[in-house]
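Structure file my_file.cif (mmCIF, C-alpha atoms (C1' of nucleotides)) is printed below.
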data_entry
#
loop_
_atom_site.label_atom_id
_atom_site.label_comp_id
_atom_site.auth_asym_id
_atom_site.auth_seq_id
_atom_site.Cartn_x
_atom_site.Cartn_y
_atom_site.Cartn_z
CA MET A 232 -6.93 23.66 -26.51
CA LEU A 233 -7.45 20.31 -28.18
CA LYS A 234 -5.80 17.68 -30.28
CA SER A 235 -2.37 18.77 -31.28
CA GLU A 236 -0.12 15.77 -31.62
CA GLU A 237 1.68 16.74 -28.42
CA PHE A 238 -1.53 16.81 -26.46
CA VAL A 239 -2.34 13.29 -27.44
CA LYS A 240 1.21 12.25 -26.59
CA PHE A 241 0.97 13.94 -23.22
CA ILE A 242 -2.30 12.23 -22.40
CA GLU A 243 -0.97 8.80 -23.34
CA SER A 244 2.32 9.35 -21.55
CA TRP A 245 0.52 10.45 -18.41
CA GLY A 246 -1.55 7.33 -18.78
CA THR A 247 1.58 5.20 -18.74
CA MET A 248 2.92 6.98 -15.71
CA GLY A 249 -0.37 6.43 -13.96
CA VAL A 250 0.76 2.90 -13.28
CA LEU A 251 3.53 4.36 -11.10
CA TRP A 252 0.82 5.85 -8.95
CA GLY A 253 -1.21 2.70 -8.96
CA ILE A 254 -4.03 4.24 -10.92
CA ASN A 255 -5.20 2.77 -14.17
CA ARG A 256 -4.72 4.08 -17.68
CA SER A 257 -8.18 5.57 -18.10
CA MET A 258 -8.02 7.41 -14.81
CA ALA A 259 -4.65 8.86 -15.68
CA ARG A 260 -5.74 9.82 -19.20
CA ILE A 261 -8.77 11.60 -17.83
CA HIS A 262 -6.58 13.38 -15.35
CA ALA A 263 -4.21 14.44 -18.13
CA PHE A 264 -7.11 15.65 -20.22
CA MET A 265 -8.30 17.75 -17.33
CA ILE A 266 -4.87 19.26 -16.86
CA LEU A 267 -4.99 20.42 -20.46
CA SER A 268 -8.51 21.80 -20.23
CA GLU A 269 -8.98 25.48 -19.66
CA ASN A 270 -12.45 25.12 -18.26
CA PRO A 271 -14.18 22.59 -16.06
CA VAL A 272 -15.04 19.45 -18.01
CA ASP A 273 -18.06 17.19 -17.88
CA LEU A 274 -18.52 13.47 -18.32
CA ASP A 275 -19.75 13.72 -21.88
CA GLU A 276 -16.77 15.75 -23.04
CA ILE A 277 -14.34 13.26 -21.51
CA SER A 278 -16.16 10.30 -22.94
CA LYS A 279 -16.08 11.75 -26.44
CA ALA A 280 -12.55 13.14 -26.40
CA LEU A 281 -10.90 10.00 -25.04
CA TYR A 282 -13.19 7.39 -26.58
CA ILE A 283 -14.18 6.00 -23.21
CA SER A 284 -17.65 4.77 -22.37
CA ARG A 285 -19.71 6.97 -20.10
CA GLY A 286 -19.89 4.17 -17.58
CA ASN A 287 -16.15 3.86 -17.36
CA ALA A 288 -15.66 7.61 -17.30
CA SER A 289 -18.11 7.86 -14.45
CA MET A 290 -16.27 5.25 -12.41
CA CYS A 291 -12.91 6.84 -13.10
CA LEU A 292 -14.13 10.28 -12.05
CA LYS A 293 -15.48 8.81 -8.84
CA GLU A 294 -12.15 7.15 -8.11
CA LEU A 295 -10.17 10.29 -8.94
CA ARG A 296 -12.37 12.14 -6.49
CA ASN A 297 -11.71 9.47 -3.86
CA TRP A 298 -8.01 10.05 -4.35
CA GLY A 299 -8.64 13.76 -3.94
CA VAL A 300 -6.88 14.78 -7.12
CA ILE A 301 -9.95 16.25 -8.80
CA GLN A 302 -12.99 18.09 -7.54
CA ARG A 303 -16.58 18.30 -8.63
CA VAL A 304 -17.78 21.83 -9.24
CA HIS A 305 -21.16 23.25 -9.96
CA ILE A 306 -21.74 25.73 -12.73
CA SER A 307 -24.84 27.81 -12.26
CA GLY A 308 -27.44 27.30 -14.91
CA GLU A 309 -25.92 23.91 -15.82
CA ARG A 310 -27.50 20.67 -14.89
CA ARG A 311 -24.46 18.48 -15.51
CA ASP A 312 -21.62 17.88 -13.06
CA PHE A 313 -18.33 19.51 -13.90
CA TYR A 314 -14.87 18.61 -12.74
CA VAL A 315 -11.58 20.44 -12.21
CA ILE A 316 -8.17 19.24 -11.09
CA GLU A 317 -6.71 19.97 -7.69
CA PRO A 318 -4.73 23.09 -8.63
CA ASP A 319 -1.95 22.60 -6.08
CA VAL A 320 0.46 20.11 -7.63
CA TRP A 321 2.24 19.25 -4.40
CA LYS A 322 -1.06 18.69 -2.67
CA MET A 323 -1.94 16.35 -5.52
CA PHE A 324 1.29 14.47 -4.94
CA PHE A 325 0.68 14.18 -1.22
CA ARG A 326 -2.79 12.81 -1.69
CA ILE A 327 -1.53 10.11 -3.96
CA ALA A 328 1.28 9.33 -1.54
CA VAL A 329 -1.10 9.10 1.43
CA GLU A 330 -3.44 6.83 -0.45
CA ARG A 331 -0.74 4.44 -1.64
CA LYS A 332 0.92 4.30 1.74
CA LYS A 333 -2.36 3.48 3.42
CA ARG A 334 -3.25 0.83 0.90
CA GLU A 335 -0.01 -1.01 0.45
CA PHE A 336 2.82 0.02 2.70
CA ASP A 337 1.11 0.04 6.07
CA PRO A 338 -0.29 -3.50 5.87
CA ALA A 339 3.10 -4.85 4.86
CA LEU A 340 4.81 -3.12 7.77
CA ASP A 341 2.16 -4.53 10.09
CA THR A 342 2.76 -8.05 8.93
CA LEU A 343 6.48 -7.59 9.20
CA ARG A 344 6.13 -6.48 12.80
CA GLN A 345 3.81 -9.36 13.60
CA LEU A 346 6.32 -11.78 12.17
CA ILE A 347 9.07 -10.28 14.30
CA ALA A 348 6.90 -10.33 17.41
CA GLU A 349 6.02 -13.97 16.91
CA LYS A 350 7.48 -15.95 19.78
CA ASP A 351 7.51 -19.70 19.35
CA SER A 352 8.99 -20.00 15.88
CA LYS A 353 12.19 -21.79 15.07
CA LYS A 354 13.66 -18.55 13.87
CA VAL A 355 17.31 -18.58 12.99
CA LYS A 356 19.35 -15.68 14.30
CA LYS A 357 20.51 -14.67 10.87
CA VAL A 358 16.96 -14.39 9.61
CA SER A 359 15.61 -12.52 12.61
CA ASP A 360 18.49 -10.05 12.37
CA ARG A 361 17.65 -9.52 8.77
CA LEU A 362 13.97 -8.97 9.55
CA GLN A 363 15.02 -6.53 12.24
CA ARG A 364 17.06 -4.52 9.73
CA ILE A 365 14.21 -4.49 7.26
CA GLU A 366 11.83 -3.36 9.96
CA GLU A 367 14.19 -0.52 10.90
CA THR A 368 14.44 0.62 7.31
CA PHE A 369 10.70 0.48 6.74
CA SER A 370 10.06 2.15 10.03
CA THR A 371 12.41 5.01 9.19
CA PHE A 372 10.74 5.37 5.86
CA ASP A 373 7.38 5.37 7.57
CA ARG A 374 8.39 8.10 10.02
CA ILE A 375 9.77 10.27 7.23
CA LEU A 376 6.63 9.91 5.20
CA ASN A 377 4.41 10.62 8.20
CA LYS A 378 6.43 13.68 9.04
CA PHE A 379 6.12 14.81 5.47
CA LEU A 380 2.40 14.23 5.38
CA GLU A 381 1.47 15.37 8.89
CA ASN A 382 0.47 18.87 7.82
CA GLU A 383 0.71 21.40 5.05
CA LYS A 384 3.28 23.51 6.84
CA THR A 385 5.74 20.72 7.56
CA SER A 386 5.55 19.60 3.96
CA ARG A 387 6.33 23.07 2.70
CA ILE A 388 9.33 23.36 4.97
CA MET A 389 10.68 20.03 3.77
CA ILE A 390 10.13 20.97 0.15
CA GLU A 391 12.01 24.22 0.64
CA PHE A 392 14.84 22.33 2.27
CA PHE A 393 14.92 19.98 -0.69
CA LYS A 394 14.95 22.79 -3.19
CA ASN A 395 18.02 24.24 -1.53
CA PHE A 396 19.65 20.89 -1.22
CA ALA A 397 19.15 20.11 -4.89
CA PRO A 398 18.97 23.48 -6.64
CA ARG A 399 18.14 23.92 -10.28
CA MET B 27 12.52 -21.70 8.97
CA LEU B 28 9.48 -22.77 7.04
CA LYS B 29 5.68 -22.62 7.06
CA SER B 30 4.46 -21.11 10.23
CA GLU B 31 1.23 -19.28 9.59
CA GLU B 32 3.02 -15.96 9.95
CA PHE B 33 5.54 -16.89 7.32
CA VAL B 34 2.84 -17.56 4.80
CA LYS B 35 1.14 -14.33 5.77
CA PHE B 36 4.37 -12.42 5.36
CA ILE B 37 4.98 -13.89 1.93
CA GLU B 38 1.50 -13.05 0.71
CA SER B 39 1.57 -9.59 2.22
CA TRP B 40 4.90 -8.88 0.60
CA GLY B 41 3.37 -10.09 -2.60
CA THR B 42 0.61 -7.51 -2.31
CA MET B 43 3.07 -4.75 -1.61
CA GLY B 44 5.06 -5.78 -4.63
CA VAL B 45 2.49 -3.98 -6.74
CA LEU B 46 3.64 -0.76 -5.07
CA TRP B 47 7.08 -1.42 -6.50
CA GLY B 48 5.71 -2.37 -9.87
CA ILE B 49 6.80 -5.98 -9.55
CA ASN B 50 4.32 -8.79 -9.85
CA ARG B 51 3.01 -11.07 -7.17
CA SER B 52 5.24 -14.04 -7.94
CA MET B 53 8.38 -11.96 -7.98
CA ALA B 54 7.51 -10.39 -4.65
CA ARG B 55 6.58 -13.74 -3.11
CA ILE B 56 9.87 -15.22 -4.20
CA HIS B 57 11.66 -12.24 -2.76
CA ALA B 58 9.82 -12.65 0.54
CA PHE B 59 10.65 -16.34 0.61
CA MET B 60 14.30 -15.53 0.14
CA ILE B 61 14.21 -13.00 2.96
CA LEU B 62 12.98 -15.76 5.24
CA SER B 63 15.54 -18.30 4.09
CA GLU B 64 18.64 -18.81 6.13
CA ASN B 65 20.64 -20.26 3.28
CA PRO B 66 20.87 -19.55 -0.44
CA VAL B 67 17.89 -21.00 -2.29
CA ASP B 68 17.59 -22.69 -5.64
CA LEU B 69 14.93 -22.74 -8.29
CA ASP B 70 13.54 -26.09 -7.31
CA GLU B 71 13.07 -25.12 -3.68
CA ILE B 72 11.20 -21.96 -4.65
CA SER B 73 9.04 -23.75 -7.15
CA LYS B 74 8.00 -26.36 -4.59
CA ALA B 75 7.55 -24.05 -1.61
CA LEU B 76 5.46 -21.45 -3.43
CA TYR B 77 3.66 -23.72 -5.89
CA ILE B 78 5.04 -21.86 -8.87
CA SER B 79 6.10 -23.54 -12.10
CA ARG B 80 9.81 -23.78 -12.73
CA GLY B 81 9.39 -21.72 -15.87
CA ASN B 82 7.76 -18.88 -14.02
CA ALA B 83 10.23 -19.10 -11.14
CA SER B 84 13.06 -18.89 -13.61
CA MET B 85 11.65 -15.76 -15.24
CA CYS B 86 10.99 -14.12 -11.90
CA LEU B 87 14.51 -14.81 -10.68
CA LYS B 88 15.90 -13.31 -13.86
CA GLU B 89 13.80 -10.20 -13.40
CA LEU B 90 14.71 -9.86 -9.73
CA ARG B 91 18.35 -10.01 -10.77
CA ASN B 92 17.71 -7.30 -13.38
CA TRP B 93 16.31 -5.13 -10.64
CA GLY B 94 19.42 -5.86 -8.61
CA VAL B 95 17.56 -6.99 -5.50
CA ILE B 96 18.88 -10.55 -5.53
CA GLN B 97 22.16 -12.12 -6.53
CA ARG B 98 23.14 -15.42 -8.00
CA VAL B 99 25.76 -17.25 -5.98
CA HIS B 100 27.73 -20.37 -6.64
CA ILE B 101 28.12 -23.09 -4.07
CA SER B 102 31.13 -25.30 -4.62
CA GLY B 103 30.29 -28.87 -5.34
CA GLU B 104 26.76 -27.88 -6.39
CA ARG B 105 25.64 -27.88 -9.96
CA ARG B 106 22.50 -25.79 -9.43
CA ASP B 107 22.35 -22.01 -9.28
CA PHE B 108 21.66 -20.51 -5.89
CA TYR B 109 20.29 -17.13 -5.02
CA VAL B 110 20.51 -14.72 -2.09
CA ILE B 111 18.90 -11.33 -1.43
CA GLU B 112 20.80 -8.07 -1.55
CA PRO B 113 21.61 -7.81 2.15
CA ASP B 114 21.62 -4.01 2.32
CA VAL B 115 17.97 -2.99 2.63
CA TRP B 116 18.51 0.62 1.68
CA LYS B 117 20.48 -0.41 -1.35
CA MET B 118 17.57 -2.63 -2.27
CA PHE B 119 15.24 0.35 -1.95
CA PHE B 120 17.47 2.52 -4.12
CA ARG B 121 17.66 -0.02 -6.87
CA ILE B 122 13.92 -0.27 -7.04
CA ALA B 123 13.62 3.51 -7.00
CA VAL B 124 16.17 3.93 -9.80
CA GLU B 125 14.45 1.37 -11.93
CA ARG B 126 10.99 2.80 -11.51
CA LYS B 127 12.13 6.34 -12.10
CA LYS B 128 13.89 5.32 -15.30
CA ARG B 129 10.92 3.39 -16.58
CA GLU B 130 8.03 5.62 -15.76
CA PHE B 131 8.89 9.01 -14.36
CA ASP B 132 11.56 10.16 -16.80
CA PRO B 133 9.52 9.58 -19.97
CA ALA B 134 6.58 11.48 -18.49
CA LEU B 135 8.79 14.42 -17.56
CA ASP B 136 10.23 14.40 -21.08
CA THR B 137 6.82 14.57 -22.65
CA LEU B 138 5.77 17.30 -20.29
CA ARG B 139 8.79 19.38 -21.28
CA GLN B 140 8.17 18.78 -24.96
CA LEU B 141 4.61 19.93 -24.54
CA ILE B 142 5.75 23.09 -22.81
CA ALA B 143 8.41 23.77 -25.43
CA GLU B 144 5.92 23.38 -28.25
CA LYS B 145 5.58 26.75 -29.97
CA ASP B 146 2.67 27.04 -32.33
CA SER B 147 -0.15 25.70 -30.21
CA LYS B 148 -3.24 27.63 -29.27
CA LYS B 149 -2.27 27.32 -25.68
CA VAL B 150 -4.29 29.28 -23.22
CA LYS B 151 -2.31 31.16 -20.59
CA LYS B 152 -4.07 29.43 -17.73
CA VAL B 153 -3.13 26.03 -19.06
CA SER B 154 0.48 26.86 -19.85
CA ASP B 155 0.90 28.32 -16.37
CA ARG B 156 -0.46 25.15 -14.94
CA LEU B 157 1.89 23.02 -17.03
CA GLN B 158 4.74 25.25 -15.89
CA ARG B 159 3.87 24.63 -12.26
CA ILE B 160 3.64 20.90 -12.82
CA GLU B 161 6.99 20.93 -14.57
CA GLU B 162 8.54 22.78 -11.64
CA THR B 163 7.16 20.29 -9.18
CA PHE B 164 8.28 17.30 -11.20
CA SER B 165 11.63 18.86 -11.82
CA THR B 166 12.18 19.47 -8.12
CA PHE B 167 11.18 15.93 -7.41
CA ASP B 168 13.57 14.76 -10.10
CA ARG B 169 16.49 16.71 -8.67
CA ILE B 170 15.84 15.42 -5.17
CA LEU B 171 15.69 11.86 -6.38
CA ASN B 172 18.85 12.26 -8.46
CA LYS B 173 20.66 13.77 -5.52
CA PHE B 174 19.49 10.91 -3.40
CA LEU B 175 20.55 8.32 -5.90
CA GLU B 176 23.77 9.89 -7.16
CA ASN B 177 25.98 7.89 -4.85
CA GLU B 178 26.00 5.74 -1.77
CA LYS B 179 27.50 8.44 0.40
CA THR B 180 24.96 11.15 -0.38
CA SER B 181 22.15 8.70 0.27
CA ARG B 182 23.55 7.81 3.67
CA ILE B 183 23.84 11.46 4.61
CA MET B 184 20.26 12.12 3.62
CA ILE B 185 19.03 9.09 5.49
CA GLU B 186 20.85 10.23 8.62
CA PHE B 187 19.29 13.65 8.27
CA PHE B 188 15.89 12.07 7.96
CA LYS B 189 16.41 9.88 10.97
CA ASN B 190 17.16 12.95 13.08
CA PHE B 191 14.28 14.85 11.57
CA ALA B 192 11.84 12.07 12.31
CA PRO B 193 13.28 10.17 15.28
CA ARG B 194 11.83 6.99 16.65
"C1'" DC C 275 31.24 -37.87 -26.67
"C1'" DT C 276 26.97 -38.80 -24.57
"C1'" DA C 277 24.22 -38.99 -20.45
"C1'" DT C 278 22.56 -36.46 -16.78
"C1'" DC C 279 21.16 -32.54 -14.42
"C1'" DC C 280 19.66 -28.08 -14.45
"C1'" DT C 281 17.95 -23.61 -16.63
"C1'" DT C 282 15.64 -20.96 -19.98
"C1'" DT C 283 12.35 -20.03 -23.54
"C1'" DC C 284 7.90 -19.54 -25.39
"C1'" DA C 285 3.36 -20.94 -27.41
"C1'" DG C 286 -0.76 -21.87 -25.38
"C1'" DT C 287 -3.79 -21.19 -21.51
"C1'" DA C 288 -5.56 -19.30 -17.35
"C1'" DT C 289 -6.49 -15.49 -14.48
"C1'" DA C 290 -7.05 -10.81 -13.34
"C1'" DT C 291 -8.17 -6.28 -14.68
"C1'" DA C 292 -10.48 -2.90 -17.26
"C1'" DC C 293 -14.33 -1.50 -20.17
"C1'" DT C 294 -18.88 -1.34 -22.37
"C1'" DG C 295 -23.59 -0.31 -22.73
"C1'" DA C 296 -28.11 -0.96 -21.27
"C1'" DA C 297 -30.98 -0.36 -17.36
"C1'" DA C 298 -31.91 1.75 -13.01
"C1'" DG C 299 -31.38 5.74 -10.18
"C1'" DA C 300 -31.25 10.63 -9.36
"C1'" DT C 301 -32.43 15.35 -9.94
"C1'" DA C 302 -34.22 19.14 -12.22
"C1'" DT C 303 -37.88 21.13 -15.41
"C1'" DT C 304 -42.47 21.87 -17.11
"C1'" DA D 262 -46.47 13.91 -11.55
"C1'" DA D 263 -44.78 13.18 -15.93
"C1'" DT D 264 -40.88 14.10 -18.80
"C1'" DA D 265 -36.23 15.22 -19.78
"C1'" DT D 266 -31.48 15.29 -18.64
"C1'" DC D 267 -27.75 13.46 -16.56
"C1'" DT D 268 -25.19 9.90 -13.50
"C1'" DT D 269 -24.27 5.52 -11.62
"C1'" DT D 270 -24.32 0.64 -11.39
"C1'" DC D 271 -23.25 -3.84 -12.83
"C1'" DA D 272 -23.52 -8.20 -15.62
"C1'" DG D 273 -21.34 -9.52 -19.48
"C1'" DT D 274 -17.34 -9.11 -22.44
"C1'" DA D 275 -12.87 -7.76 -24.00
"C1'" DT D 276 -8.14 -7.01 -23.14
"C1'" DA D 277 -3.95 -7.35 -20.72
"C1'" DT D 278 -1.07 -9.78 -17.66
"C1'" DA D 279 0.76 -13.74 -15.52
"C1'" DC D 280 1.64 -18.68 -15.48
"C1'" DT D 281 2.31 -23.44 -17.08
"C1'" DG D 282 4.74 -27.20 -18.89
"C1'" DA D 283 6.97 -29.28 -22.58
"C1'" DA D 284 10.82 -28.73 -25.50
"C1'" DA D 285 15.23 -26.71 -26.46
"C1'" DG D 286 19.52 -25.06 -24.66
"C1'" DG D 287 23.66 -25.31 -21.60
"C1'" DA D 288 26.88 -27.15 -18.48
"C1'" DT D 289 29.23 -30.69 -15.96
"C1'" DA D 290 30.39 -35.56 -15.02
"C1'" DG D 291 31.76 -39.87 -16.25
#
Rewritten as structure tokens:
Amino acid sequence: MLKSEEFVKFIESWGTMGVLWGINRSMARIHAFMILSENPVDLDEISKALYISRGNASMCLKELRNWGVIQRVHISGERRDFYVIEPDVWKMFFRIAVERKKREFDPALDTLRQLIAEKDSKKVKKVSDRLQRIEETFSTFDRILNKFLENEKTSRIMIEFFKNFAPR
Amino acid sequence: MLKSEEFVKFIESWGTMGVLWGINRSMARIHAFMILSENPVDLDEISKALYISRGNASMCLKELRNWGVIQRVHISGERRDFYVIEPDVWKMFFRIAVERKKREFDPALDTLRQLIAEKDSKKVKKVSDRLQRIEETFSTFDRILNKFLENEKTSRIMIEFFKNFAPR
DNA sequence: CTATCCTTTCAGTATATACTGAAAGATATT
DNA sequence: AATATCTTTCAGTATATACTGAAAGGATAG
């Protein structure tokens, strides 16, 4: 399961898309490599296959684990650590969504609200109306996302709804 | 409407969030500045207020126009170009979504499909099943997004649905 | 037509981000 | 407890990304 031209293309393309998720190229390439691997992989294999230093590979694996998109597994009789991807693709999506929201959306919404709450400014009506509209939009978005992420079951229901709404 | 502490904070925070949208700090800061401006702004004003070179400001404005989140307006009697934000916040959201999808999601989905279509590989069942599941997930996501973005009216309907589903 | 005002371009430079590899830290093996 | 195997850390370095400012390119005014 290695090294056809398409595999390389997939790994690099996944790497590019990684930016969409806010993860860096190496992380995404490692993730792609793991998707294409039949068996659990170890640091050495990754390092050699993708021409990445062990140090970097180690840091990327740690970060991928933080994001919850891969897991460390133990193989009896083996001393090394092995890794597998989170097998549930939607779950993988959610985890990324949660992480990004927490890191970048929430603080921005906070600041927006603070700005609106601010009393003594020389705010012009036009601008405060605009801020109000933005806050409403963000807030709606926030509620939808929270609803979506609140538990497994809710997510599944929403996905099913979506599938019907936009059938193949 | 300038330079309270909160305004600066808002601008910088918006700048951070910009990364979420795949736009760089300067672009996002300029956008934030424009949100807070009562009247159309020009290049010079931006450059001075945000301590950005005119060259950079010019490039950022161009890019923001490409994304469709700001518009150039003409003010009679004025020689300079002026700019305003897209006033419809949801529309702004959509434009960013469309752009990002086009740039980063679509190519990845393409590659994924190519990889699946590939005939003569030594693909292991486990891996091809996994790829199949990923394709399904991505494809569903793609259809939802397309549905959402296909026209103004559909978007509005979906937003209304969401608002009811996740009320304030 | 030419001077003035404004915008854009882009080579060079600065800054931020990612990566390497050697050393230290862990954990298992004998 | 010494050795071997594997992982993590991090200072230094490389690479990628963003920014500057001077020069060229337009547009309008006189």
* Evaluate the PyMOL selection byres ((chain D) within 9 of (chain A)) and record the selected residues as an MDAnalysis selection string, following the chain and residue labels used in the document. => chainID D and resid 266:270
* Give me, as a list in words, the contact residues of chain C against chain B at a cut-off of 8 Å, counting only C-alpha atoms (C1' of nucleotides). =>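 Those within range of chain B come out as DC279, DC280, DT281 and DT282 of chain C.
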* State, in Å with one decimal place, the distance from atom CA of Ile72 of chain B to atom C1' of DG282 of chain D. =>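 Going from atom CA of Ile72 of chain B over to atom C1' of DG282 of chain D, I get 16.5 Å.
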* Asked: Could you work out how far atom CA of Phe313 of chain A lies from atom C1' of DA262 of chain D, giving the answer in Å with one decimal?
  -> 28.8 Å
* Asked: Smallest atom-to-atom distance to chain A: which of B:Ala83, B:Val95, B:Leu62, B:Leu135, using only C-alpha atoms?
  ->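 Counting only C-alpha atoms, the residue closest to chain A is B:Leu62.
Of note, atom CA of Leu138 of chain B and atom CA of Phe174 of chain B are spaced 22.7 Å apart.
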